[in-house]
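Source file: upload35.txt (compact mmCIF, C-alpha atoms and all ligand atoms)
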# COMPACT_ATOMS: atom_id res chain seq x y z
CA MET A 1313 196.06 -35.47 -59.54
CA THR A 1314 193.38 -37.70 -60.96
CA ARG A 1315 189.80 -37.86 -59.84
CA LEU A 1316 188.72 -40.28 -62.52
CA ASN A 1317 187.60 -43.81 -61.70
CA GLU A 1318 185.88 -46.71 -63.43
CA THR A 1319 182.54 -44.82 -63.56
CA HIS A 1320 184.09 -42.32 -66.01
CA ASP A 1321 185.39 -44.97 -68.44
CA PRO A 1322 184.33 -43.66 -71.87
CA GLY A 1323 184.04 -47.26 -73.07
CA LEU A 1324 181.18 -48.09 -70.68
CA ARG A 1325 177.80 -48.81 -72.27
CA SER A 1326 174.45 -49.44 -70.59
CA TRP A 1327 171.94 -52.21 -71.14
CA VAL A 1328 169.43 -49.32 -71.31
CA GLU A 1329 170.09 -48.80 -75.03
CA SER A 1330 168.86 -45.18 -75.21
CA ALA A 1331 171.74 -44.21 -72.90
CA ASN A 1332 174.24 -45.17 -75.62
CA ALA A 1333 173.06 -42.66 -78.26
CA ALA A 1334 175.74 -40.14 -79.23
CA GLU A 1335 173.70 -37.07 -78.28
CA ALA A 1336 172.13 -38.51 -75.11
CA ASP A 1337 172.24 -36.17 -72.10
CA PHE A 1338 172.27 -39.11 -69.71
CA PRO A 1339 174.78 -41.82 -70.67
CA ILE A 1340 175.99 -44.20 -67.96
CA GLN A 1341 178.91 -41.89 -67.15
CA ASN A 1342 176.47 -39.17 -65.98
CA LEU A 1343 173.91 -40.66 -63.53
CA PRO A 1344 172.31 -37.41 -62.25
CA PHE A 1345 169.69 -37.33 -59.47
CA ALA A 1346 166.15 -35.87 -59.39
CA ALA A 1347 162.97 -36.04 -57.29
CA PHE A 1348 160.24 -37.62 -59.45
CA ARG A 1349 156.97 -39.54 -59.59
CA ARG A 1350 154.75 -40.91 -62.34
CA ALA A 1351 153.03 -37.92 -63.98
CA GLY A 1352 149.42 -37.32 -63.06
CA THR A 1353 149.50 -39.56 -59.98
CA ASP A 1354 149.49 -38.78 -56.29
CA GLU A 1355 152.43 -41.08 -55.68
CA ALA A 1356 155.04 -39.81 -53.25
CA PHE A 1357 158.00 -38.09 -54.86
CA ARG A 1358 161.20 -40.10 -54.47
CA ILE A 1359 164.74 -40.01 -55.82
CA GLY A 1360 165.54 -41.29 -59.28
CA VAL A 1361 168.65 -41.48 -61.44
CA ALA A 1362 168.53 -40.70 -65.16
CA ILE A 1363 169.80 -43.32 -67.59
CA GLY A 1364 169.07 -42.59 -71.26
CA ASP A 1365 165.37 -41.89 -71.68
CA GLN A 1366 164.54 -43.70 -68.41
CA VAL A 1367 164.53 -42.93 -64.70
CA LEU A 1368 165.78 -45.62 -62.32
CA ASP A 1369 163.67 -45.56 -59.16
CA VAL A 1370 166.45 -46.14 -56.63
CA THR A 1371 164.15 -47.34 -53.84
CA ALA A 1372 162.40 -49.81 -56.14
CA ALA A 1373 165.77 -50.99 -57.45
CA LEU A 1374 167.01 -51.51 -53.90
CA SER A 1375 163.99 -53.68 -53.10
CA THR A 1376 164.77 -56.03 -56.01
CA GLY A 1377 168.15 -56.89 -54.53
CA ALA A 1378 169.71 -56.23 -57.94
CA LEU A 1379 172.08 -53.48 -56.71
CA ALA A 1380 174.86 -55.96 -56.00
CA ASP A 1381 177.29 -53.44 -54.52
CA VAL A 1382 174.80 -52.14 -51.99
CA THR A 1383 175.78 -54.34 -49.05
CA PRO A 1384 174.37 -53.88 -45.55
CA GLY A 1385 176.01 -51.09 -43.59
CA SER A 1386 178.03 -49.82 -46.57
CA HIS A 1387 178.28 -46.22 -47.73
CA ALA A 1388 176.32 -47.30 -50.81
CA ALA A 1389 173.55 -48.68 -48.60
CA GLN A 1390 173.33 -45.41 -46.68
CA GLY A 1391 173.12 -43.49 -49.94
CA ALA A 1392 170.50 -45.79 -51.46
CA ALA A 1393 168.36 -45.67 -48.31
CA ALA A 1394 168.36 -41.86 -48.45
CA CYS A 1395 166.73 -42.05 -51.90
CA ALA A 1396 163.37 -43.08 -50.42
CA ALA A 1397 162.84 -39.44 -49.42
CA PRO A 1398 160.94 -36.83 -51.50
CA ALA A 1399 164.06 -34.62 -51.79
CA LEU A 1400 167.82 -35.02 -51.96
CA ASN A 1401 168.68 -33.31 -48.65
CA GLY A 1402 169.24 -36.59 -46.81
CA LEU A 1403 171.59 -37.94 -49.48
CA MET A 1404 173.31 -34.56 -49.69
CA ALA A 1405 173.99 -34.60 -45.94
CA LEU A 1406 175.76 -37.98 -46.11
CA GLY A 1407 178.85 -36.63 -47.86
CA PRO A 1408 181.14 -37.65 -50.70
CA ALA A 1409 181.87 -41.22 -49.55
CA ALA A 1410 178.18 -42.15 -49.76
CA TRP A 1411 177.59 -40.20 -53.01
CA SER A 1412 180.54 -41.90 -54.67
CA ALA A 1413 179.73 -45.41 -53.42
CA LEU A 1414 176.12 -45.11 -54.61
CA ARG A 1415 177.29 -43.85 -58.01
CA LEU A 1416 179.64 -46.83 -58.35
CA ALA A 1417 176.90 -49.29 -57.37
CA LEU A 1418 174.47 -47.75 -59.89
CA SER A 1419 177.12 -47.70 -62.62
CA ARG A 1420 177.89 -51.39 -62.12
CA ALA A 1421 174.21 -52.34 -62.04
CA LEU A 1422 173.33 -50.36 -65.18
CA ARG A 1423 176.28 -51.24 -67.38
CA ARG A 1424 176.10 -53.74 -70.19
CA GLY A 1425 176.74 -57.25 -68.92
CA ALA A 1426 175.45 -56.58 -65.38
CA ALA A 1427 174.35 -59.97 -63.99
CA ARG A 1428 171.03 -58.77 -62.57
CA ALA A 1429 169.90 -56.42 -65.33
CA ASP A 1430 166.66 -58.30 -65.90
CA GLN A 1431 165.66 -57.81 -62.25
CA LEU A 1432 166.20 -54.05 -62.56
CA ARG A 1433 164.03 -53.45 -65.63
CA SER A 1434 160.87 -53.17 -63.54
CA SER A 1435 162.46 -50.28 -61.61
CA LEU A 1436 162.72 -48.10 -64.73
CA VAL A 1437 160.13 -45.45 -65.60
CA SER A 1438 160.16 -43.63 -68.95
CA ARG A 1439 161.24 -40.00 -68.55
CA SER A 1440 158.33 -39.05 -70.81
CA ALA A 1441 155.93 -40.40 -68.16
CA VAL A 1442 157.25 -38.65 -65.05
CA GLU A 1443 156.94 -35.28 -63.35
CA TYR A 1444 159.47 -33.63 -61.10
CA ALA A 1445 159.60 -31.74 -57.83
CA LEU A 1446 162.40 -29.42 -56.81
CA PRO A 1447 165.37 -31.73 -56.22
CA ALA A 1448 165.95 -30.43 -52.70
CA VAL A 1449 164.26 -28.47 -49.97
CA ILE A 1450 166.23 -25.26 -50.50
CA GLY A 1451 166.75 -23.50 -47.20
CA ASP A 1452 168.82 -20.63 -48.53
CA TYR A 1453 169.66 -19.31 -51.98
CA THR A 1454 172.59 -17.02 -52.74
CA ASP A 1455 173.23 -15.64 -56.22
CA PHE A 1456 176.83 -14.81 -57.15
CA TYR A 1457 178.10 -12.64 -60.02
CA THR A 1458 181.06 -14.65 -61.31
CA SER A 1459 181.20 -13.55 -64.97
CA ILE A 1460 183.38 -10.48 -65.33
CA TYR A 1461 182.09 -10.09 -68.89
CA HIS A 1462 178.51 -9.88 -67.60
CA ALA A 1463 179.48 -7.60 -64.70
CA THR A 1464 181.31 -5.24 -67.03
CA SER A 1465 178.67 -5.02 -69.75
CA VAL A 1466 175.77 -4.64 -67.31
CA GLY A 1467 177.80 -2.14 -65.30
CA ARG A 1468 178.38 -0.14 -68.49
CA LEU A 1469 174.62 0.05 -69.11
CA PHE A 1470 173.76 1.10 -65.54
CA ARG A 1471 176.89 3.23 -64.87
CA PRO A 1472 178.55 4.20 -68.17
CA ASP A 1473 181.37 6.11 -66.46
CA ASN A 1474 182.14 3.39 -63.89
CA PRO A 1475 181.24 -0.06 -65.26
CA LEU A 1476 183.25 -2.41 -63.02
CA LEU A 1477 183.32 -1.46 -59.36
CA PRO A 1478 186.78 -1.77 -57.75
CA ASN A 1479 185.83 -4.56 -55.33
CA TYR A 1480 184.86 -6.93 -58.16
CA LYS A 1481 188.35 -8.35 -58.67
CA TRP A 1482 188.80 -9.01 -54.94
CA VAL A 1483 185.39 -10.18 -53.70
CA PRO A 1484 183.17 -12.92 -55.18
CA ILE A 1485 180.12 -10.61 -55.19
CA ALA A 1486 176.72 -12.07 -54.30
CA TYR A 1487 173.33 -11.21 -52.82
CA HIS A 1488 170.94 -13.35 -50.81
CA GLY A 1489 167.99 -14.43 -52.95
CA ARG A 1490 164.62 -15.92 -52.16
CA THR A 1491 163.69 -19.62 -52.10
CA SER A 1492 159.88 -19.49 -52.09
CA SER A 1493 159.65 -18.61 -55.78
CA ILE A 1494 162.19 -21.17 -57.06
CA GLY A 1495 160.42 -23.61 -59.37
CA VAL A 1496 161.44 -26.69 -61.31
CA SER A 1497 161.56 -26.73 -65.13
CA GLY A 1498 158.09 -26.12 -66.56
CA GLN A 1499 157.48 -23.21 -64.17
CA VAL A 1500 154.88 -20.71 -65.42
CA PHE A 1501 154.79 -17.24 -63.87
CA GLN A 1502 152.95 -13.96 -64.35
CA ARG A 1503 154.77 -10.88 -65.56
CA PRO A 1504 155.62 -9.05 -62.35
CA ARG A 1505 154.51 -5.51 -61.54
CA GLY A 1506 156.73 -3.08 -59.76
CA GLN A 1507 157.92 0.43 -59.17
CA VAL A 1508 159.80 1.88 -62.15
CA LEU A 1509 161.12 5.30 -63.10
CA PRO A 1510 160.65 5.77 -66.85
CA ALA A 1511 163.26 7.85 -68.69
CA GLY A 1512 162.47 11.54 -68.58
CA GLU A 1513 160.04 11.29 -65.66
CA THR A 1514 160.68 12.64 -62.20
CA ALA A 1515 158.55 10.26 -60.12
CA PRO A 1516 158.17 6.49 -60.30
CA SER A 1517 154.96 4.64 -61.05
CA VAL A 1518 153.76 1.05 -60.61
CA ARG A 1519 153.28 -0.99 -63.76
CA PRO A 1520 153.94 -4.43 -65.26
CA THR A 1521 157.63 -4.68 -66.08
CA GLY A 1522 158.42 -3.73 -69.66
CA ARG A 1523 161.93 -5.15 -69.51
CA LEU A 1524 161.53 -8.79 -68.49
CA ASP A 1525 164.73 -10.80 -69.00
CA TYR A 1526 166.32 -14.19 -68.35
CA GLU A 1527 169.77 -14.95 -66.90
CA LEU A 1528 171.78 -17.98 -68.04
CA GLU A 1529 173.28 -19.47 -64.87
CA LEU A 1530 174.31 -22.67 -63.17
CA GLY A 1531 173.08 -23.57 -59.68
CA VAL A 1532 175.41 -25.24 -57.19
CA PHE A 1533 173.77 -27.50 -54.58
CA ILE A 1534 175.54 -27.71 -51.23
CA GLY A 1535 175.88 -31.25 -49.88
CA THR A 1536 177.32 -31.34 -46.40
CA GLY A 1537 177.15 -28.08 -44.50
CA ASN A 1538 179.42 -26.48 -41.93
CA SER A 1539 178.91 -25.41 -38.34
CA ALA A 1540 178.40 -21.72 -37.63
CA GLY A 1541 181.74 -20.08 -36.99
CA GLN A 1542 183.67 -22.76 -38.91
CA PRO A 1543 184.72 -21.47 -42.36
CA ILE A 1544 185.26 -24.01 -45.15
CA GLY A 1545 188.80 -23.87 -46.53
CA ILE A 1546 189.20 -23.64 -50.28
CA ASP A 1547 190.67 -27.13 -50.65
CA ASP A 1548 187.79 -28.62 -48.62
CA ALA A 1549 185.13 -26.61 -50.45
CA GLU A 1550 184.28 -29.04 -53.25
CA GLY A 1551 183.79 -31.83 -50.72
CA HIS A 1552 180.78 -29.82 -49.52
CA VAL A 1553 179.25 -29.55 -53.01
CA PHE A 1554 176.79 -32.22 -54.15
CA GLY A 1555 176.28 -31.12 -57.74
CA ILE A 1556 175.18 -28.72 -60.42
CA THR A 1557 171.88 -27.74 -61.98
CA LEU A 1558 170.74 -25.16 -64.55
CA LEU A 1559 169.33 -21.91 -63.16
CA ASN A 1560 167.40 -19.06 -64.79
CA ASP A 1561 167.31 -15.94 -62.61
CA TRP A 1562 164.39 -14.13 -64.24
CA SER A 1563 164.89 -10.37 -63.94
CA ALA A 1564 162.79 -7.21 -64.35
CA ARG A 1565 165.38 -4.74 -65.60
CA ASP A 1566 163.33 -1.55 -65.20
CA VAL A 1567 162.53 -2.45 -61.59
CA GLN A 1568 166.18 -3.41 -61.05
CA SER A 1569 167.71 -0.18 -62.34
CA TRP A 1570 165.51 1.91 -60.01
CA GLU A 1571 165.82 -0.21 -56.86
CA TYR A 1572 169.31 -1.73 -56.90
CA GLN A 1573 171.34 0.96 -55.17
CA PRO A 1574 172.58 0.78 -52.47
CA LEU A 1575 171.64 -2.76 -51.32
CA GLY A 1576 171.35 -4.70 -54.57
CA PRO A 1577 168.48 -6.51 -56.30
CA PHE A 1578 165.21 -7.13 -54.46
CA LEU A 1579 161.82 -7.29 -56.20
CA SER A 1580 163.43 -7.29 -59.65
CA LYS A 1581 164.65 -10.84 -59.02
CA ASN A 1582 162.59 -12.60 -56.36
CA PHE A 1583 159.35 -13.29 -58.27
CA ALA A 1584 160.59 -16.43 -60.07
CA THR A 1585 163.72 -18.56 -60.48
CA THR A 1586 163.65 -21.73 -62.59
CA ILE A 1587 166.03 -24.69 -62.17
CA SER A 1588 166.41 -28.00 -64.01
CA PRO A 1589 165.21 -31.14 -62.21
CA TRP A 1590 168.46 -33.09 -62.64
CA VAL A 1591 171.46 -32.53 -60.39
CA VAL A 1592 174.73 -33.65 -62.02
CA THR A 1593 177.27 -34.57 -59.35
CA LEU A 1594 180.72 -33.00 -59.19
CA GLU A 1595 182.10 -36.53 -59.54
CA ALA A 1596 180.35 -36.90 -62.91
CA LEU A 1597 181.89 -33.57 -63.98
CA ALA A 1598 185.47 -34.60 -63.16
CA PRO A 1599 186.53 -35.25 -66.79
CA TYR A 1600 185.57 -31.70 -67.76
CA ARG A 1601 187.66 -29.83 -65.22
CA ALA A 1602 189.83 -27.00 -66.46
CA GLN A 1603 192.60 -24.75 -65.24
CA TRP A 1604 191.58 -21.60 -63.45
CA THR A 1605 193.79 -18.65 -64.24
CA ARG A 1606 193.99 -15.05 -63.12
CA SER A 1607 195.82 -12.77 -65.50
CA ALA A 1608 199.02 -11.25 -64.13
CA GLY A 1609 197.63 -7.72 -64.55
CA ASP A 1610 194.71 -8.40 -62.20
CA PRO A 1611 194.84 -8.64 -58.41
CA GLN A 1612 195.71 -12.17 -57.35
CA PRO A 1613 193.21 -13.78 -54.97
CA LEU A 1614 193.67 -13.44 -51.24
CA ALA A 1615 195.06 -16.56 -49.54
CA TYR A 1616 191.67 -17.99 -48.49
CA LEU A 1617 190.56 -17.88 -52.16
CA ASP A 1618 193.73 -19.38 -53.61
CA SER A 1619 195.22 -22.86 -53.84
CA ALA A 1620 197.31 -24.93 -56.20
CA VAL A 1621 194.43 -27.37 -56.74
CA ASN A 1622 191.99 -24.56 -57.49
CA ARG A 1623 194.38 -23.15 -60.08
CA ALA A 1624 195.13 -26.55 -61.62
CA GLU A 1625 191.54 -27.79 -62.01
CA GLY A 1626 189.05 -25.58 -60.18
CA ALA A 1627 187.18 -24.49 -63.31
CA PHE A 1628 184.66 -26.58 -65.28
CA ASP A 1629 184.20 -26.49 -69.05
CA ILE A 1630 180.40 -26.68 -69.19
CA GLN A 1631 178.77 -25.49 -72.42
CA LEU A 1632 175.69 -23.33 -71.78
CA GLU A 1633 172.91 -22.24 -74.13
CA ALA A 1634 169.70 -20.21 -73.98
CA TRP A 1635 166.80 -20.83 -76.38
CA ILE A 1636 163.55 -18.95 -76.91
CA GLU A 1637 160.17 -20.31 -77.99
CA THR A 1638 157.61 -17.59 -78.57
CA ALA A 1639 153.87 -18.19 -78.42
CA ALA A 1640 153.80 -17.87 -82.23
CA MET A 1641 156.52 -20.49 -82.63
CA ARG A 1642 154.59 -22.82 -80.34
CA ALA A 1643 151.31 -22.24 -82.18
CA GLY A 1644 153.01 -22.78 -85.55
CA ARG A 1645 154.90 -25.85 -84.29
CA ARG A 1646 158.16 -24.15 -85.26
CA ALA A 1647 161.48 -24.93 -83.59
CA PRO A 1648 162.78 -22.73 -80.77
CA ALA A 1649 165.56 -20.26 -81.65
CA ARG A 1650 168.99 -20.20 -80.04
CA LEU A 1651 169.77 -16.89 -78.36
CA SER A 1652 173.35 -17.39 -77.20
CA GLY A 1653 175.91 -19.77 -75.77
CA THR A 1654 179.08 -19.71 -73.70
CA SER A 1655 181.10 -21.88 -71.29
CA PHE A 1656 181.32 -21.80 -67.50
CA ARG A 1657 185.11 -22.00 -67.87
CA HIS A 1658 185.12 -18.22 -68.49
CA ALA A 1659 183.91 -17.47 -64.93
CA TYR A 1660 186.14 -15.14 -62.92
CA TRP A 1661 185.62 -17.18 -59.73
CA THR A 1662 185.34 -20.96 -59.23
CA ILE A 1663 182.80 -23.00 -57.28
CA ALA A 1664 185.41 -23.65 -54.57
CA GLN A 1665 186.05 -19.91 -54.26
CA MET A 1666 182.30 -19.24 -53.97
CA VAL A 1667 181.99 -21.72 -51.08
CA ALA A 1668 185.16 -20.54 -49.32
CA HIS A 1669 184.07 -16.92 -49.60
CA HIS A 1670 180.50 -17.61 -48.45
CA THR A 1671 181.79 -19.13 -45.21
CA ILE A 1672 184.88 -16.97 -44.46
CA ASN A 1673 182.81 -15.02 -41.92
CA GLY A 1674 181.58 -18.21 -40.24
CA CYS A 1675 178.26 -18.31 -42.13
CA ASN A 1676 176.88 -21.86 -41.95
CA LEU A 1677 175.73 -23.59 -45.13
CA ARG A 1678 173.24 -26.47 -44.96
CA PRO A 1679 172.47 -29.47 -47.19
CA GLY A 1680 170.29 -28.31 -50.07
CA ASP A 1681 171.41 -24.69 -50.02
CA LEU A 1682 171.61 -23.31 -53.55
CA LEU A 1683 174.33 -21.01 -54.90
CA GLY A 1684 173.73 -19.36 -58.29
CA THR A 1685 176.84 -18.65 -60.34
CA GLY A 1686 175.46 -15.39 -61.71
CA THR A 1687 174.76 -14.82 -65.38
CA GLN A 1688 177.38 -16.51 -67.51
CA SER A 1689 178.46 -14.30 -70.39
CA GLY A 1690 181.51 -15.16 -72.49
CA PRO A 1691 184.23 -12.85 -73.79
CA THR A 1692 182.41 -11.89 -77.00
CA PRO A 1693 179.13 -9.93 -77.24
CA GLU A 1694 177.21 -12.79 -78.88
CA GLN A 1695 178.09 -15.01 -75.90
CA ALA A 1696 176.07 -12.84 -73.49
CA GLY A 1697 173.74 -14.63 -71.09
CA SER A 1698 170.88 -12.11 -70.98
CA LEU A 1699 168.72 -10.04 -73.33
CA LEU A 1700 169.88 -6.88 -71.55
CA GLU A 1701 173.35 -7.48 -72.97
CA LEU A 1702 172.33 -9.03 -76.31
CA THR A 1703 170.16 -6.00 -77.15
CA GLY A 1704 172.49 -3.30 -75.81
CA GLY A 1705 170.12 -2.35 -73.03
CA GLY A 1706 167.01 -2.79 -75.18
CA LYS A 1707 168.25 -0.54 -78.00
CA THR A 1708 168.94 -3.21 -80.63
CA PRO A 1709 166.19 -5.79 -81.15
CA ILE A 1710 167.12 -9.40 -81.90
CA ALA A 1711 165.58 -10.79 -85.09
CA LEU A 1712 163.96 -14.21 -84.63
CA PRO A 1713 163.02 -16.75 -87.31
CA GLY A 1714 159.52 -16.15 -88.70
CA GLY A 1715 159.81 -12.36 -88.68
CA GLU A 1716 159.47 -11.79 -84.95
CA SER A 1717 161.91 -9.73 -82.91
CA ARG A 1718 162.61 -9.16 -79.23
CA THR A 1719 164.27 -6.62 -77.02
CA PHE A 1720 162.81 -8.07 -73.82
CA LEU A 1721 160.44 -10.99 -73.19
CA GLU A 1722 156.79 -10.90 -74.17
CA ASP A 1723 153.88 -12.76 -72.62
CA GLY A 1724 153.82 -16.37 -73.78
CA ASP A 1725 157.58 -16.57 -74.35
CA ALA A 1726 159.35 -19.65 -73.04
CA ILE A 1727 163.08 -19.70 -72.30
CA ALA A 1728 164.94 -23.02 -72.15
CA LEU A 1729 168.47 -23.25 -70.75
CA ARG A 1730 170.57 -26.25 -71.74
CA ALA A 1731 174.07 -27.38 -70.89
CA TRP A 1732 176.47 -30.19 -71.66
CA CYS A 1733 180.11 -31.19 -71.42
CA GLU A 1734 182.26 -32.88 -74.00
CA ARG A 1735 185.97 -33.41 -74.36
CA PRO A 1736 188.19 -35.69 -76.44
CA GLY A 1737 188.47 -39.01 -74.62
CA ALA A 1738 185.34 -38.45 -72.54
CA PRO A 1739 181.67 -38.95 -73.39
CA ARG A 1740 179.20 -36.11 -73.84
CA ILE A 1741 177.06 -35.63 -70.74
CA GLY A 1742 174.15 -33.19 -70.44
CA LEU A 1743 172.42 -31.31 -67.66
CA GLY A 1744 168.95 -31.56 -69.21
CA GLU A 1745 166.84 -28.43 -69.46
CA ALA A 1746 165.48 -25.59 -67.33
CA ARG A 1747 162.40 -24.24 -69.09
CA GLY A 1748 160.18 -21.46 -67.83
CA ILE A 1749 157.25 -19.66 -69.40
CA VAL A 1750 155.94 -16.11 -69.07
CA ALA A 1751 152.20 -16.62 -68.73
CA LEU A 1752 149.97 -15.16 -71.39
CA ALA A 1753 148.24 -12.04 -70.10
CA GLY A 1754 144.92 -12.89 -68.49
CA SER A 1755 145.72 -16.60 -68.18
CA CA B 1801 171.55 -13.46 -61.37

Represent the structure of the file as structure tokens.
Ligand code: CA
Amino acid sequence: MTRLNETHDPGLRSWVESANAAEADFPIQNLPFAAFRRAGTDEAFRIGVAIGDQVLDVTAALSTGALADVTPGSHAAQGAAACAAPALNGLMALGPAAWSALRLALSRALRRGAARADQLRSSLVSRSAVEYALPAVIGDYTDFYTSIYHATSVGRLFRPDNPLLPNYKWVPIAYHGRTSSIGVSGQVFQRPRGQVLPAGETAPSVRPTGRLDYELELGVFIGTGNSAGQPIGIDDAEGHVFGITLLNDWSARDVQSWEYQPLGPFLSKNFATTISPWVVTLEALAPYRAQWTRSAGDPQPLAYLDSAVNRAEGAFDIQLEAWIETAAMRAGRRAPARLSGTSFRHAYWTIAQMVAHHTINGCNLRPGDLLGTGTQSGPTPEQAGSLLELTGGGKTPIALPGGESRTFLEDGDAIALRAWCERPGAPRIGLGEARGIVALAGS
């Protein structure tokens, strides 16, 4: 099976020269979507597509007539028209035919040699001069738990005698999160307070969390939804997925360990979640698909979670990294420090399995719904996607450049998540950045 088409051709170059740099996140093979406007203005947010260090304003481009493949009544025209909105929900609802036709039209218009390139230049805005809104109106947010390495190491800290609960290898575990506190990259939030039970004490008290952490995750944006009572089959699941973003599920570990049984996380998670502004489509990610395997010694997935296509190419090899910039680094104009990195290909469950499982009971998903993958930790300890794991539950501080160290986050710390894909014979594409900052106390 091949899902590659002319938009993935590694030989394509753009007339926007910055898109052709070797380390660019946004070459012409990527073409991710965001909601943007010129920074510091009261312009309406609208949909843009990243190309190099520029944003193409799709609505402005449409008005120039330079999108040659956007012909009246076509799927591409439907997709382009939906980009006049302040969020991606309308485009998401149109489905894969419109997404793909719009991508093809944009690819042809932005590639080197395009006949109407000069007409399109006025529709570009420098990325350094824009600000972003959340890419979609997110009706519902569900956070999964798809890294068995994360589940096992966190389980060991919370339940040393019983780290991995027996349902883990059968059920793609998740909890329903909260949308009101999801923010786009640049989000600043106050250290949350909550009820904690300090070691050795018999009664809890309310205090600012002392164990504030990040979680390195991807977010999956649902495109077309399903009707209530109509589960989405595993081989139809990806057709309901618009694309991928970066997601940091900030967590208060002391609040979490006291509150999480028996119903799961609540106030330890719902005070802030940061996502990247750019949504990379599943079509753009096609060259970086990977086999999904389940070792013979583990339970094999139930029929609704299993298919030949899912096994052949249901995983994605997406490189993930977390970086920290402390207030001292920022003040001293020193570079951020890398905390860890892994790949999404290590996940125990795929995106298609997440969608199929979410709807097996008839639950209806809607355009713009967000599914978190759960913290992505790789097979080795240094590939862990949270400080909880990297510090052994806060017992072993991490040394940072400049003489600082961390067990958990301090006020003023910024965490930036980054991700990219690369493979021989395909270009490097990036997901941009999801950066969030713990406000300085009193600010
Ligand atoms: Ca999480």

Note to self: Could you list the protein, DNA and RNA residues that have any atom within 12 Å of ligand CA 1801 (chain B), counting only C-alpha atoms and all ligand atoms, and write them as an MDAnalysis selection string?
What the structure shows: chainID A and resid 1453:1459 1462:1463 1466 1485:1490 1525:1531 1559:1565 1568 1576:1578 1580:1582 1584:1586 1683:1689 1697:1698

Produce a file of the selected residues containing C-alpha atoms, as a CSV table (one decimal), keeping the file's coordinate frame.
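Resulting contents of part32.csv:
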chain,number,residue,atom,x,y,z
A,1453,TYR,CA,169.7,-19.3,-52.0
A,1454,THR,CA,172.6,-17.0,-52.7
A,1455,ASP,CA,173.2,-15.6,-56.2
A,1456,PHE,CA,176.8,-14.8,-57.2
A,1457,TYR,CA,178.1,-12.6,-60.0
A,1458,THR,CA,181.1,-14.6,-61.3
A,1459,SER,CA,181.2,-13.6,-65.0
A,1462,HIS,CA,178.5,-9.9,-67.6
A,1463,ALA,CA,179.5,-7.6,-64.7
A,1466,VAL,CA,175.8,-4.6,-67.3
A,1485,ILE,CA,180.1,-10.6,-55.2
A,1486,ALA,CA,176.7,-12.1,-54.3
A,1487,TYR,CA,173.3,-11.2,-52.8
A,1488,HIS,CA,170.9,-13.4,-50.8
A,1489,GLY,CA,168.0,-14.4,-53.0
A,1490,ARG,CA,164.6,-15.9,-52.2
A,1525,ASP,CA,164.7,-10.8,-69.0
A,1526,TYR,CA,166.3,-14.2,-68.4
A,1527,GLU,CA,169.8,-15.0,-66.9
A,1528,LEU,CA,171.8,-18.0,-68.0
A,1529,GLU,CA,173.3,-19.5,-64.9
A,1530,LEU,CA,174.3,-22.7,-63.2
A,1531,GLY,CA,173.1,-23.6,-59.7
A,1559,LEU,CA,169.3,-21.9,-63.2
A,1560,ASN,CA,167.4,-19.1,-64.8
A,1561,ASP,CA,167.3,-15.9,-62.6
A,1562,TRP,CA,164.4,-14.1,-64.2
A,1563,SER,CA,164.9,-10.4,-63.9
A,1564,ALA,CA,162.8,-7.2,-64.4
A,1565,ARG,CA,165.4,-4.7,-65.6
A,1568,GLN,CA,166.2,-3.4,-61.0
A,1576,GLY,CA,171.4,-4.7,-54.6
A,1577,PRO,CA,168.5,-6.5,-56.3
A,1578,PHE,CA,165.2,-7.1,-54.5
A,1580,SER,CA,163.4,-7.3,-59.6
A,1581,LYS,CA,164.6,-10.8,-59.0
A,1582,ASN,CA,162.6,-12.6,-56.4
A,1584,ALA,CA,160.6,-16.4,-60.1
A,1585,THR,CA,163.7,-18.6,-60.5
A,1586,THR,CA,163.6,-21.7,-62.6
A,1683,LEU,CA,174.3,-21.0,-54.9
A,1684,GLY,CA,173.7,-19.4,-58.3
A,1685,THR,CA,176.8,-18.6,-60.3
A,1686,GLY,CA,175.5,-15.4,-61.7
A,1687,THR,CA,174.8,-14.8,-65.4
A,1688,GLN,CA,177.4,-16.5,-67.5
A,1689,SER,CA,178.5,-14.3,-70.4
A,1697,GLY,CA,173.7,-14.6,-71.1
A,1698,SER,CA,170.9,-12.1,-71.0

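Using all atoms listed in the file, the nearest neighbour of Arg1350 (chain A) within the list A:Tyr1444, A:Trp1411, A:Phe1338, A:Trp1482 is A:Tyr1444.
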
Note to self: Can you measure CA of Ser1465 (chain A) to CA of Glu1694 (chain A) for me? One decimal in Å is fine.
What the structure shows: 12.1 Å

Notebook entry, point to check: Hey, what's within 8 Å of Pro1599 (chain A) if we count only C-alpha atoms and toss same-chain stuff fewer than 3 positions away? As a list in words, please?
Noted result: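 Skipping anything fewer than 3 positions along the chain leaves Leu1316, His1320, Ala1596, Arg1735 and Ala1738 of chain A.
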
Margin query: So that I can see what lies close to Pro1713 (chain A), please list as a ChimeraX atom specification the residues with an atom at most 12 Å from it, counting all atoms listed in the file and leaving out residues fewer than 3 positions away in the same chain.
Written below: /A:1636-1638,1640-1641,1644,1646-1651,1710,1716-1718

Would you save the residues from that selection as a compact mmCIF listing (two decimals), in the frame of the given file, using C-alpha atoms?
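Everything below was put into selection-v5.txt:
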# COMPACT_ATOMS: atom_id res chain seq x y z
CA ILE A 1636 163.55 -18.95 -76.91
CA GLU A 1637 160.17 -20.31 -77.99
CA THR A 1638 157.61 -17.59 -78.57
CA ALA A 1640 153.80 -17.87 -82.23
CA MET A 1641 156.52 -20.49 -82.63
CA GLY A 1644 153.01 -22.78 -85.55
CA ARG A 1646 158.16 -24.15 -85.26
CA ALA A 1647 161.48 -24.93 -83.59
CA PRO A 1648 162.78 -22.73 -80.77
CA ALA A 1649 165.56 -20.26 -81.65
CA ARG A 1650 168.99 -20.20 -80.04
CA LEU A 1651 169.77 -16.89 -78.36
CA ILE A 1710 167.12 -9.40 -81.90
CA GLU A 1716 159.47 -11.79 -84.95
CA SER A 1717 161.91 -9.73 -82.91
CA ARG A 1718 162.61 -9.16 -79.23
